[in-house]
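**Student:** What follows is the file data_1.cif, containing mmCIF, C-alpha atoms and all ligand atoms:
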```
data_coords
#
loop_
_atom_site.label_atom_id
_atom_site.label_comp_id
_atom_site.auth_asym_id
_atom_site.auth_seq_id
_atom_site.Cartn_x
_atom_site.Cartn_y
_atom_site.Cartn_z
CA MET A 1 -51.27 -94.72 -74.97
CA ASP A 2 -54.39 -93.31 -76.58
CA PHE A 3 -56.51 -95.35 -78.98
CA GLU A 4 -58.81 -92.48 -79.96
CA LEU A 5 -58.50 -89.81 -82.58
CA ASN A 6 -58.38 -86.35 -80.99
CA GLU A 7 -61.21 -83.86 -81.54
CA GLU A 8 -59.62 -82.25 -84.61
CA GLN A 9 -58.92 -85.63 -86.17
CA GLN A 10 -62.50 -86.72 -85.54
CA GLN A 11 -63.72 -83.49 -87.12
CA LEU A 12 -61.54 -84.19 -90.16
CA ARG A 13 -63.01 -87.71 -90.44
CA HIS A 14 -66.49 -86.20 -90.29
CA THR A 15 -65.71 -83.56 -92.95
CA VAL A 16 -64.19 -86.06 -95.37
CA ARG A 17 -67.05 -88.50 -94.80
CA GLU A 18 -69.61 -85.79 -95.57
CA PHE A 19 -67.72 -84.81 -98.72
CA ALA A 20 -67.48 -88.44 -99.84
CA GLU A 21 -71.16 -89.13 -99.17
CA HIS A 22 -72.41 -86.02 -101.00
CA GLU A 23 -69.85 -85.35 -103.74
CA ILE A 24 -68.57 -88.85 -104.55
CA ARG A 25 -71.15 -91.53 -103.73
CA PRO A 26 -73.81 -90.34 -106.21
CA HIS A 27 -71.30 -90.68 -109.10
CA VAL A 28 -69.41 -93.83 -108.17
CA MET A 29 -71.03 -96.28 -110.59
CA GLU A 30 -71.25 -93.78 -113.44
CA TRP A 31 -67.48 -93.08 -113.17
CA ASP A 32 -66.71 -96.78 -112.77
CA GLU A 33 -68.67 -97.93 -115.80
CA ALA A 34 -67.40 -95.15 -118.07
CA ALA A 35 -63.86 -95.36 -116.61
CA GLN A 36 -64.25 -91.61 -116.18
CA PHE A 37 -61.50 -89.74 -114.33
CA PRO A 38 -63.10 -87.46 -111.68
CA LEU A 39 -60.81 -84.48 -112.21
CA GLN A 40 -63.24 -81.86 -110.91
CA THR A 41 -63.79 -83.76 -107.66
CA ILE A 42 -60.03 -84.07 -107.18
CA LYS A 43 -59.67 -80.31 -107.63
CA GLU A 44 -62.34 -79.84 -104.92
CA LEU A 45 -60.26 -81.99 -102.56
CA GLY A 46 -57.42 -79.51 -103.16
CA LYS A 47 -59.64 -76.70 -101.89
CA LEU A 48 -60.29 -78.74 -98.73
CA GLY A 49 -56.53 -79.04 -98.12
CA LEU A 50 -56.56 -82.78 -98.79
CA LEU A 51 -54.00 -82.81 -101.61
CA GLY A 52 -51.14 -81.60 -99.45
CA SER A 53 -52.24 -82.68 -96.01
CA ILE A 54 -48.84 -84.00 -94.86
CA PHE A 55 -46.75 -80.97 -95.85
CA PRO A 56 -45.91 -77.83 -93.87
CA PRO A 57 -47.62 -74.52 -94.67
CA GLU A 58 -44.52 -72.97 -96.25
CA TYR A 59 -45.06 -75.45 -99.11
CA GLY A 60 -48.80 -74.86 -99.24
CA GLY A 61 -49.58 -77.91 -97.11
CA ALA A 62 -52.26 -78.29 -94.46
CA ASP A 63 -49.63 -79.16 -91.82
CA MET A 64 -51.40 -82.30 -90.72
CA GLY A 65 -49.73 -85.65 -90.17
CA TYR A 66 -49.97 -89.20 -91.46
CA ILE A 67 -52.72 -90.02 -88.93
CA GLU A 68 -54.90 -87.36 -90.57
CA TYR A 69 -53.78 -88.31 -94.07
CA ALA A 70 -54.51 -92.00 -93.44
CA THR A 71 -57.92 -91.09 -92.00
CA ALA A 72 -58.77 -89.03 -95.09
CA ILE A 73 -57.65 -91.77 -97.52
CA GLU A 74 -59.69 -94.32 -95.53
CA GLU A 75 -62.83 -92.18 -95.65
CA LEU A 76 -62.50 -91.46 -99.39
CA SER A 77 -61.87 -95.15 -100.16
CA ARG A 78 -64.83 -96.24 -98.00
CA VAL A 79 -66.94 -94.69 -100.76
CA ASP A 80 -64.64 -95.00 -103.79
CA GLY A 81 -61.20 -96.62 -103.90
CA SER A 82 -60.46 -94.82 -107.19
CA ILE A 83 -60.47 -91.47 -105.41
CA GLY A 84 -58.26 -93.00 -102.71
CA ILE A 85 -55.59 -94.18 -105.16
CA ILE A 86 -55.62 -90.90 -107.13
CA VAL A 87 -55.01 -88.87 -103.95
CA ALA A 88 -52.46 -91.39 -102.66
CA ALA A 89 -50.33 -91.38 -105.84
CA HIS A 90 -50.51 -87.60 -105.99
CA THR A 91 -49.62 -87.01 -102.32
CA SER A 92 -47.50 -89.76 -100.85
CA LEU A 93 -45.68 -90.72 -104.06
CA CYS A 94 -45.22 -87.67 -106.31
CA SER A 95 -45.39 -84.78 -103.81
CA ASN A 96 -43.68 -86.68 -101.03
CA HIS A 97 -40.73 -87.66 -103.25
CA LEU A 98 -40.24 -83.94 -103.96
CA TYR A 99 -40.66 -83.11 -100.28
CA LEU A 100 -38.20 -85.78 -99.09
CA ALA A 101 -35.51 -85.42 -101.74
CA GLY A 102 -36.17 -82.24 -103.74
CA SER A 103 -34.16 -79.01 -103.57
CA GLU A 104 -35.63 -75.94 -101.88
CA THR A 105 -36.27 -74.42 -105.32
CA GLN A 106 -38.10 -77.55 -106.51
CA LYS A 107 -40.20 -77.70 -103.35
CA ARG A 108 -41.20 -74.05 -103.60
CA ARG A 109 -42.00 -74.37 -107.30
CA TYR A 110 -44.09 -77.54 -107.19
CA LEU A 111 -45.42 -78.37 -103.73
CA PRO A 112 -47.79 -75.40 -103.29
CA ARG A 113 -49.32 -76.05 -106.72
CA LEU A 114 -49.66 -79.75 -105.99
CA ALA A 115 -51.18 -79.04 -102.57
CA SER A 116 -53.78 -76.65 -103.94
CA GLY A 117 -54.79 -78.98 -106.76
CA GLU A 118 -53.60 -76.58 -109.47
CA PHE A 119 -51.23 -79.41 -110.47
CA LEU A 120 -51.97 -83.12 -110.35
CA GLY A 121 -48.98 -85.37 -109.60
CA ALA A 122 -47.89 -88.87 -110.63
CA TRP A 123 -44.92 -91.11 -109.89
CA GLY A 124 -43.34 -93.49 -112.38
CA LEU A 125 -41.17 -96.34 -111.15
CA THR A 126 -42.66 -99.49 -112.69
CA GLU A 127 -41.68 -100.53 -116.23
CA PRO A 128 -42.98 -103.30 -118.47
CA GLY A 129 -39.98 -105.47 -117.53
CA SER A 130 -39.43 -104.31 -113.94
CA GLY A 131 -42.17 -104.41 -111.33
CA SER A 132 -41.28 -106.08 -108.04
CA ASP A 133 -37.64 -105.93 -109.10
CA ALA A 134 -37.76 -102.15 -109.47
CA GLY A 135 -33.97 -101.90 -109.39
CA SER A 136 -33.78 -103.56 -112.81
CA ALA A 137 -35.37 -100.55 -114.54
CA ARG A 138 -34.22 -99.90 -118.13
CA MET A 139 -35.40 -96.35 -118.79
CA ALA A 140 -32.30 -94.28 -119.46
CA ALA A 141 -31.28 -90.74 -118.55
CA GLU A 142 -28.19 -89.46 -120.32
CA ARG A 143 -26.45 -86.23 -119.35
CA LYS A 144 -25.94 -83.85 -122.30
CA GLY A 145 -24.52 -80.46 -121.29
CA ASP A 146 -26.89 -78.85 -118.83
CA CYS A 147 -29.75 -81.23 -119.68
CA TRP A 148 -30.79 -84.85 -119.24
CA VAL A 149 -32.20 -86.84 -122.14
CA LEU A 150 -34.80 -89.43 -121.12
CA ASN A 151 -35.58 -92.52 -123.21
CA GLY A 152 -37.78 -95.46 -122.27
CA THR A 153 -41.23 -96.53 -121.14
CA LYS A 154 -42.92 -96.59 -117.75
CA THR A 155 -46.06 -98.59 -117.15
CA PHE A 156 -49.00 -98.67 -114.71
CA CYS A 157 -48.54 -95.02 -113.74
CA THR A 158 -51.50 -93.79 -111.66
CA ASN A 159 -52.72 -90.39 -112.93
CA GLY A 160 -50.35 -90.73 -115.93
CA HIS A 161 -52.72 -89.15 -118.47
CA TYR A 162 -53.90 -86.33 -116.23
CA ALA A 163 -50.74 -85.41 -114.31
CA ASP A 164 -49.16 -81.99 -114.72
CA VAL A 165 -45.98 -83.13 -112.93
CA ILE A 166 -44.47 -86.60 -112.81
CA VAL A 167 -41.52 -87.79 -110.75
CA VAL A 168 -39.92 -90.48 -112.84
CA LEU A 169 -37.04 -92.87 -112.12
CA ALA A 170 -34.38 -93.55 -114.76
CA VAL A 171 -30.97 -95.18 -115.02
CA THR A 172 -28.06 -92.72 -114.96
CA ASP A 173 -25.34 -95.36 -114.41
CA ARG A 174 -26.15 -98.87 -115.59
CA SER A 175 -23.11 -100.44 -113.93
CA ALA A 176 -24.17 -99.25 -110.47
CA ARG A 177 -27.51 -101.21 -110.42
CA THR A 178 -29.76 -99.74 -107.73
CA HIS A 179 -27.22 -97.00 -107.02
CA GLY A 180 -27.43 -95.99 -110.68
CA LEU A 181 -31.06 -94.88 -110.60
CA SER A 182 -31.99 -91.21 -110.33
CA ALA A 183 -35.27 -89.30 -110.12
CA PHE A 184 -36.37 -86.50 -112.44
CA ILE A 185 -39.21 -84.03 -112.55
CA LEU A 186 -41.15 -84.03 -115.75
CA GLU A 187 -43.71 -81.39 -116.70
CA LYS A 188 -46.46 -82.75 -118.93
CA ASP A 189 -45.86 -80.58 -122.00
CA THR A 190 -42.16 -81.41 -122.29
CA PRO A 191 -41.38 -82.37 -125.92
CA GLY A 192 -40.49 -86.04 -126.31
CA PHE A 193 -42.94 -87.13 -123.60
CA ARG A 194 -46.42 -88.52 -124.13
CA PRO A 195 -48.74 -90.67 -122.05
CA GLY A 196 -49.30 -93.99 -123.81
CA LYS A 197 -51.86 -96.75 -123.38
CA LYS A 198 -54.55 -96.09 -120.78
CA GLU A 199 -55.24 -99.45 -119.14
CA ASN A 200 -58.77 -100.88 -119.11
CA LYS A 201 -58.89 -102.33 -115.61
CA LEU A 202 -60.81 -104.85 -113.48
CA GLY A 203 -61.22 -102.36 -110.65
CA LEU A 204 -60.46 -98.80 -109.57
CA ARG A 205 -61.73 -97.96 -113.02
CA ALA A 206 -62.22 -94.25 -112.41
CA SER A 207 -58.53 -93.93 -111.65
CA ASP A 208 -56.12 -93.63 -114.54
CA THR A 209 -53.36 -96.22 -114.99
CA SER A 210 -51.17 -95.40 -117.95
CA GLU A 211 -48.04 -95.99 -119.87
CA LEU A 212 -45.54 -93.10 -120.08
CA ILE A 213 -43.43 -92.85 -123.22
CA PHE A 214 -40.15 -90.93 -123.40
CA GLU A 215 -38.42 -90.43 -126.74
CA ASP A 216 -35.40 -88.12 -126.57
CA CYS A 217 -37.23 -86.14 -123.93
CA VAL A 218 -34.96 -83.32 -122.76
CA VAL A 219 -35.30 -81.98 -119.21
CA PRO A 220 -33.07 -79.33 -117.59
CA ALA A 221 -30.28 -80.56 -115.29
CA ALA A 222 -32.12 -78.72 -112.51
CA ASN A 223 -34.93 -81.30 -112.77
CA LEU A 224 -32.79 -84.00 -111.14
CA VAL A 225 -34.44 -84.74 -107.77
CA GLY A 226 -31.95 -85.39 -104.97
CA HIS A 227 -28.45 -86.63 -105.74
CA GLU A 228 -27.58 -88.53 -108.88
CA GLY A 229 -27.69 -92.25 -108.05
CA ASP A 230 -29.91 -91.82 -104.98
CA GLY A 231 -33.21 -92.29 -106.83
CA PHE A 232 -33.79 -95.90 -105.81
CA MET A 233 -32.98 -95.29 -102.13
CA ASP A 234 -35.21 -92.22 -102.11
CA ALA A 235 -37.97 -94.25 -103.80
CA MET A 236 -37.77 -96.84 -101.01
CA ARG A 237 -38.17 -94.03 -98.41
CA VAL A 238 -41.12 -92.73 -100.40
CA LEU A 239 -42.70 -96.19 -100.35
CA ASP A 240 -42.44 -96.35 -96.55
CA GLY A 241 -45.04 -93.56 -96.54
CA GLY A 242 -46.85 -94.76 -99.65
CA ARG A 243 -47.57 -98.14 -98.10
CA ILE A 244 -49.40 -96.42 -95.25
CA SER A 245 -51.72 -94.89 -97.83
CA ILE A 246 -52.38 -98.24 -99.57
CA ALA A 247 -53.10 -99.75 -96.14
CA SER A 248 -55.54 -96.88 -95.53
CA MET A 249 -57.16 -97.40 -98.92
CA ALA A 250 -57.55 -101.11 -98.14
CA LEU A 251 -59.00 -100.26 -94.75
CA GLY A 252 -61.52 -97.84 -96.25
CA MET A 253 -62.72 -100.35 -98.83
CA ALA A 254 -62.88 -103.14 -96.21
CA GLN A 255 -64.95 -100.84 -93.97
CA GLY A 256 -67.26 -99.95 -96.87
CA ALA A 257 -67.72 -103.63 -97.74
CA TYR A 258 -68.39 -104.52 -94.09
CA GLU A 259 -71.00 -101.77 -93.70
CA ALA A 260 -72.75 -102.84 -96.92
CA ALA A 261 -72.78 -106.47 -95.75
CA LEU A 262 -74.07 -105.57 -92.28
CA LYS A 263 -76.89 -103.46 -93.70
CA TYR A 264 -77.91 -106.08 -96.25
CA SER A 265 -77.83 -108.90 -93.68
CA LYS A 266 -80.43 -107.06 -91.59
CA GLN A 267 -82.71 -106.38 -94.57
CA ARG A 268 -82.59 -109.67 -96.44
CA ARG A 269 -85.00 -112.28 -95.11
CA GLN A 270 -84.82 -116.02 -95.78
CA PHE A 271 -86.53 -118.87 -93.89
CA GLY A 272 -88.78 -116.20 -92.33
CA ARG A 273 -85.95 -114.24 -90.61
CA PRO A 274 -83.28 -111.71 -91.46
CA ILE A 275 -80.15 -113.56 -92.60
CA SER A 276 -78.26 -111.75 -89.79
CA ASP A 277 -80.07 -114.15 -87.43
CA PHE A 278 -78.03 -117.05 -88.82
CA GLN A 279 -74.83 -117.83 -86.95
CA ALA A 280 -72.95 -118.45 -90.22
CA ILE A 281 -73.60 -114.83 -91.24
CA GLN A 282 -72.90 -113.47 -87.75
CA TRP A 283 -69.49 -115.14 -87.70
CA LYS A 284 -68.60 -113.65 -91.05
CA LEU A 285 -69.52 -110.19 -89.74
CA ALA A 286 -67.60 -110.79 -86.51
CA ASP A 287 -64.47 -111.85 -88.41
CA MET A 288 -64.73 -108.90 -90.78
CA ALA A 289 -65.12 -106.36 -87.95
CA THR A 290 -62.27 -107.89 -85.92
CA GLU A 291 -59.84 -108.01 -88.84
CA ILE A 292 -60.71 -104.46 -89.91
CA ASP A 293 -60.03 -103.21 -86.38
CA ALA A 294 -56.67 -105.00 -86.31
CA ALA A 295 -55.77 -103.55 -89.73
CA ARG A 296 -56.72 -100.06 -88.52
CA LEU A 297 -54.50 -100.41 -85.44
CA LEU A 298 -51.53 -101.51 -87.57
CA THR A 299 -52.11 -98.66 -90.01
CA GLN A 300 -52.48 -96.04 -87.31
CA ARG A 301 -49.35 -97.32 -85.56
CA ALA A 302 -47.33 -96.91 -88.76
CA ALA A 303 -48.83 -93.43 -89.27
CA TRP A 304 -48.07 -92.46 -85.65
CA LEU A 305 -44.46 -93.63 -85.97
CA LYS A 306 -44.10 -91.62 -89.18
CA ASP A 307 -45.52 -88.53 -87.47
CA ASN A 308 -42.97 -89.00 -84.72
CA GLY A 309 -40.09 -89.05 -87.17
CA ARG A 310 -39.38 -92.76 -86.79
CA LYS A 311 -38.38 -95.21 -89.53
CA THR A 312 -41.41 -97.25 -90.53
CA THR A 313 -40.16 -99.73 -93.12
CA LEU A 314 -41.27 -102.74 -91.02
CA GLU A 315 -44.50 -101.24 -89.69
CA SER A 316 -45.61 -99.77 -93.05
CA SER A 317 -45.13 -103.14 -94.74
CA MET A 318 -46.95 -104.99 -91.96
CA ALA A 319 -49.87 -102.56 -92.18
CA LYS A 320 -49.99 -102.73 -95.99
CA LEU A 321 -49.71 -106.53 -96.10
CA TYR A 322 -52.37 -107.15 -93.45
CA ALA A 323 -54.83 -104.44 -94.49
CA GLY A 324 -54.59 -105.48 -98.16
CA GLU A 325 -55.30 -109.13 -97.35
CA VAL A 326 -58.11 -108.18 -94.93
CA ALA A 327 -59.73 -106.01 -97.61
CA VAL A 328 -59.73 -108.88 -100.11
CA ARG A 329 -61.32 -111.21 -97.52
CA ALA A 330 -63.87 -108.59 -96.44
CA ALA A 331 -64.94 -107.86 -100.01
CA ASN A 332 -65.23 -111.59 -100.71
CA GLU A 333 -67.48 -112.10 -97.66
CA CYS A 334 -69.48 -109.01 -98.60
CA VAL A 335 -70.35 -110.63 -101.95
CA GLN A 336 -71.11 -113.94 -100.19
CA ILE A 337 -73.50 -112.28 -97.72
CA HIS A 338 -75.28 -110.60 -100.65
CA GLY A 339 -75.78 -113.99 -102.34
CA GLY A 340 -76.71 -113.59 -106.01
CA TYR A 341 -77.21 -109.86 -105.50
CA GLY A 342 -73.51 -109.67 -104.71
CA LEU A 343 -72.87 -110.01 -108.43
CA ILE A 344 -75.38 -107.37 -109.43
CA LYS A 345 -74.26 -103.80 -110.07
CA ASP A 346 -77.21 -102.29 -108.17
CA TYR A 347 -75.35 -103.26 -104.97
CA PRO A 348 -71.89 -102.02 -103.90
CA ALA A 349 -70.50 -105.52 -103.17
CA GLU A 350 -69.24 -106.39 -106.66
CA LYS A 351 -67.33 -103.10 -107.00
CA PHE A 352 -65.54 -103.53 -103.68
CA TYR A 353 -64.67 -107.08 -104.80
CA ARG A 354 -63.08 -105.73 -107.99
CA ASP A 355 -61.42 -102.67 -106.44
CA VAL A 356 -59.72 -104.23 -103.40
CA LYS A 357 -57.44 -106.53 -105.38
CA LEU A 358 -55.03 -103.70 -106.15
CA CYS A 359 -54.23 -103.51 -102.43
CA THR A 360 -52.33 -106.81 -102.50
CA ILE A 361 -50.43 -105.74 -105.62
CA GLY A 362 -49.69 -101.97 -105.85
CA GLU A 363 -46.66 -100.44 -104.08
CA GLY A 364 -45.26 -103.92 -103.58
CA THR A 365 -47.23 -107.17 -103.74
CA SER A 366 -48.05 -109.15 -100.60
CA GLU A 367 -45.11 -111.43 -101.43
CA ILE A 368 -42.78 -108.42 -101.57
CA GLN A 369 -44.16 -107.05 -98.27
CA ARG A 370 -43.35 -110.41 -96.64
CA MET A 371 -39.82 -110.16 -98.06
CA VAL A 372 -39.43 -106.63 -96.66
CA ILE A 373 -40.80 -107.69 -93.26
CA ALA A 374 -38.59 -110.78 -93.07
CA ARG A 375 -35.52 -108.76 -94.10
CA GLN A 376 -36.19 -106.33 -91.24
CA LEU A 377 -36.75 -109.17 -88.76
CA LEU A 378 -33.58 -110.98 -89.75
CA LYS A 379 -31.24 -108.03 -90.07
CA ASP A 380 -29.97 -107.85 -86.46
C1 LIG B 401 -53.87 -100.01 -110.63
C2 LIG B 401 -52.38 -99.95 -110.50
C3 LIG B 401 -51.77 -98.74 -110.19
C4 LIG B 401 -50.37 -98.64 -110.12
N1 LIG B 401 -49.79 -97.42 -109.90
C5 LIG B 401 -48.44 -97.29 -110.00
C6 LIG B 401 -47.81 -96.01 -109.94
O1 LIG B 401 -48.48 -94.98 -109.79
N2 LIG B 401 -46.48 -95.95 -110.11
C7 LIG B 401 -45.70 -97.05 -110.28
O2 LIG B 401 -44.49 -96.92 -110.42
N3 LIG B 401 -46.27 -98.30 -110.32
C8 LIG B 401 -47.61 -98.44 -110.18
N4 LIG B 401 -48.20 -99.69 -110.25
C9 LIG B 401 -47.36 -100.85 -110.44
C10 LIG B 401 -47.30 -101.79 -109.23
O3 LIG B 401 -46.56 -101.21 -108.19
C11 LIG B 401 -46.75 -103.14 -109.73
O4 LIG B 401 -47.78 -103.73 -110.52
C12 LIG B 401 -46.34 -104.04 -108.60
O5 LIG B 401 -45.20 -103.53 -107.94
C13 LIG B 401 -46.02 -105.47 -109.11
O6 LIG B 401 -45.21 -105.47 -110.22
P1 LIG B 401 -45.63 -106.33 -111.50
O7 LIG B 401 -47.02 -105.97 -111.84
O8 LIG B 401 -44.59 -106.13 -112.56
O9 LIG B 401 -45.61 -107.83 -111.02
P2 LIG B 401 -44.34 -108.81 -110.95
O10 LIG B 401 -43.22 -108.14 -110.23
O11 LIG B 401 -44.07 -109.36 -112.29
O12 LIG B 401 -44.89 -109.96 -110.01
C14 LIG B 401 -45.67 -111.05 -110.50
C15 LIG B 401 -45.88 -112.04 -109.36
O13 LIG B 401 -44.58 -112.56 -108.94
C16 LIG B 401 -44.40 -112.33 -107.56
N5 LIG B 401 -42.97 -112.11 -107.28
C17 LIG B 401 -42.13 -111.26 -107.94
N6 LIG B 401 -40.91 -111.31 -107.37
C18 LIG B 401 -40.99 -112.19 -106.35
C19 LIG B 401 -40.07 -112.67 -105.37
N7 LIG B 401 -38.80 -112.25 -105.33
N8 LIG B 401 -40.50 -113.59 -104.46
C20 LIG B 401 -41.78 -114.02 -104.49
N9 LIG B 401 -42.70 -113.61 -105.38
C21 LIG B 401 -42.31 -112.69 -106.30
C22 LIG B 401 -45.24 -111.11 -107.23
O14 LIG B 401 -45.52 -111.03 -105.86
C23 LIG B 401 -46.47 -111.38 -108.10
O15 LIG B 401 -47.31 -112.27 -107.45
C24 LIG B 401 -49.59 -99.80 -110.30
C25 LIG B 401 -50.21 -101.02 -110.59
C26 LIG B 401 -51.58 -101.11 -110.70
C27 LIG B 401 -52.21 -102.43 -111.04
#
```
Would you write out, as C-alpha cells, the structure that this file holds?
Ligand SMILES: Cc1cc2nc3c(=O)[nH]c(=O)nc-3n(C[C@H](O)[C@H](O)[C@H](O)COP(=O)(O)OP(=O)(O)OC[C@H]3O[C@@H](n4cnc5c(N)ncnc54)[C@H](O)[C@@H]3O)c2cc1C
**Tutor:**
Amino acid sequence: MDFELNEEQQQLRHTVREFAEHEIRPHVMEWDEAAQFPLQTIKELGKLGLLGSIFPPEYGGADMGYIEYATAIEELSRVDGSIGIIVAAHTSLCSNHLYLAGSETQKRRYLPRLASGEFLGAWGLTEPGSGSDAGSARMAAERKGDCWVLNGTKTFCTNGHYADVIVVLAVTDRSARTHGLSAFILEKDTPGFRPGKKENKLGLRASDTSELIFEDCVVPAANLVGHEGDGFMDAMRVLDGGRISIASMALGMAQGAYEAALKYSKQRRQFGRPISDFQAIQWKLADMATEIDAARLLTQRAAWLKDNGRKTTLESSMAKLYAGEVAVRAANECVQIHGGYGLIKDYPAEKFYRDVKLCTIGEGTSEIQRMVIARQLLKD
C-alpha cells in the first residue's frame, strides 16, 4: 500500500496548481459575476493534455489514469469549480461515453479532437421530467432509412451552448424501458438541433448549463453509439467514472474553502488575539481537515480501482456521496469562520458556499448515491 502520489503525479499536481493560480484565479470573480464561459482557458487546458488525460495516445489522449485525472480536477476546482465541472463533463461524460461504447471509427473521429480541445464535449441524459429517474426519459429517436430522427428536450446540460459534440440519450423502444434507451452523437450544426435556455445559476456560474432542443433532428445511422438499447447501461458505466470526477471537484472546492478559512483565522483578530486561538475555531479547522483527508482517500481509492480495471460502482458512489457532503460542510464552516466577511464578495468564502451545492446533486443526488450504495451492499 502506498498513500503518496508518485513523482510524476506530484509534478502534475504542481503544474495544474500553477496554471490554476496564474491563469484562472485572477478571473474567477469576473467570470462568476458575468456568468462568462471561459472558453479560451479551456482550450489552453487542451494544450496541456488535460482534456483527454484518461485516454490512450492512439486517440490523442495523455495516457494518464484516473488518479491523475482526479488530481487535475481537484486542483482546478480548488480555484474554480466552474472549470472543474466543464472539464469533467467534457472528459468523463462525453469523451468517456465514446471511449467506452463508441465504434473504432467514432473514437478515431472524435476523441483526438476532444482531447486537444479543438472540440468541446457535452453529455445529455437529464430531461425536464426525468432526473434521478433517468430511465423514464421521453426524448425519442426514430429510425428512418439510414438515419435517426431525434425529437425532444434535454435539460441541465453542462457545456450545452458551447459544445461541438454532444452524446445524447434517447428512447428507441418505449416498451423496453431502460433497455429501450440508446446514445447518439450530435454535432452542433446539425439542422433541427439548437441549444435552448441557458440557466442563470446559484453557483458554478461560469459553467454553462443549458437546455437542448431537438425538432426533427436527423443524424446518420452511424451516429448511434454502442448497440441499440444499450444506452442506459452504458450511461451507468459512464457515471461510475463521472462520479469520481464530481468527488474530485467536491474535494478541490472543500480544500479551497479550508485553506481560505485557515488563512483568515490567522489574520482576523478579536478579543486581542487571532481567532485561530479560540478552540471553537480550531475544532472547525480540525474537522474540516480530517473530513477532507477522508474524502480524498475514498476518491483516490475509487480512482485506483478504476485504473486497475475494477468495477467501481460502490466505491465511486461512496466517494461522490461523502466528498459532496464534506464540501458542503466545509464551505459552510468557511463562511462561519469569516463571520460577516463570509458574505462579502471580496472574500472567496461566499463563492465556495454557492458552488459546492452542485456536488450533492449532479450525477446523482446524495439520496441516489445512498440508493446505489445500498443496492450494492444488499445484492449478495
Ligand atoms: C449545474 C448542473 C449541471 C448538470 N449537468 C448535467 C449534464 O451535463 N448532463 C446531464 O444529463 N445532467 C446534468 N445535470 C442534471 C443532474 O444530474 C440532475 O439535476 C440530478 O440528477 C437530479 O435530477 P433532478 O434535478 O431532476 O432532481 P429530481 O430527480 O427531481 O430530485 C428531486 C429530489 O428528490 C430526490 N429523489 C428523487 N428520487 C428519489 C428516490 N427514489 N428516493 C429518494 N429521494 C429521491 C432527489 O434526491 C432530490 O432531492 C446537471 C445539473 C446541474 C444543477
**Student:** Around the point (-35.7, -80.7, -110.9) (coordinates from the file), which residues reach within 6 Å if we count all atoms listed in the file? Answer as a PyMOL selection string.
**Tutor:** chain A and resi 106+185+222-225
**Student:** Enter the distance from atom CA of Ala70 of chain A to atom CA of Ala327 of chain A, in Å, rounded to one decimal.
**Tutor:** 15.5 Å
**Student:** What does the distance between atom CA of Cys147 of chain A and atom CA of Leu100 of chain A come to in Å, to one decimal place?
**Tutor:**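 So the two atoms, atom CA of Cys147 of chain A and atom CA of Leu100 of chain A, lie 22.7 Å apart.
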**Student:** How would you write as an MDAnalysis selection string the residues that get within 12 Å of (-60.2, -91.2, -110.8) in the file's frame, counting only C-alpha atoms?
**Tutor:** chainID A and resid 24 27:43 76:77 80:90 120 158:163 203:209
**Student:** Figure out the distance between atom CA of Gln267 of chain A and atom CA of Gly342 of chain A, please, to one decimal in Å.
**Tutor:**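 Distance reported for this atom pair: 14.1 Å.
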**Student:** Here is a test: counting all atoms listed in the file, which residue of A:Ala319, A:Cys334, A:Ala257, A:Ile246 is nearest to ligand LIG 401 (chain B)?
**Tutor:**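 Among the listed residues, A:Ile246 lies closest to ligand LIG 401 (chain B).
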**Student:** Can you work out which residues are within 6 Å of ligand LIG 401 (chain B), considering all atoms listed in the file, and then hand them over as a list in words?
**Tutor:** Ala89, Trp123, Gly124, Leu125, Thr126, Ser130, Gly131, Ser132, Phe156, Cys157, Thr158, Thr209, Leu358, Ile361, Gly362, Glu363, Gly364, Thr365, Glu367 and Ile368 of chain A
**Student:** List the neighbours of Glu68 of chain A out to 10 Å using all atoms listed in the file; skip same-chain residues closer than 3 positions along the sequence, and give me the result as a list in words.
**Tutor:** Leu5, Glu8, Gln9, Gln10, Leu12, Arg13, Leu50, Ser53, Ile54, Asp63, Met64, Gly65, Thr71, Ala72, Ile73, Glu74, Gln300, Ala303, Trp304 and Asp307 of chain A
**Student:** Taking all atoms listed in the file into account, name the residue in A:Gly145, A:Pro26, A:Gly117, A:Pro112 that is nearest to Phe55 of chain A.
**Tutor:**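 Under the stated criterion, the closest residue is A:Pro112.
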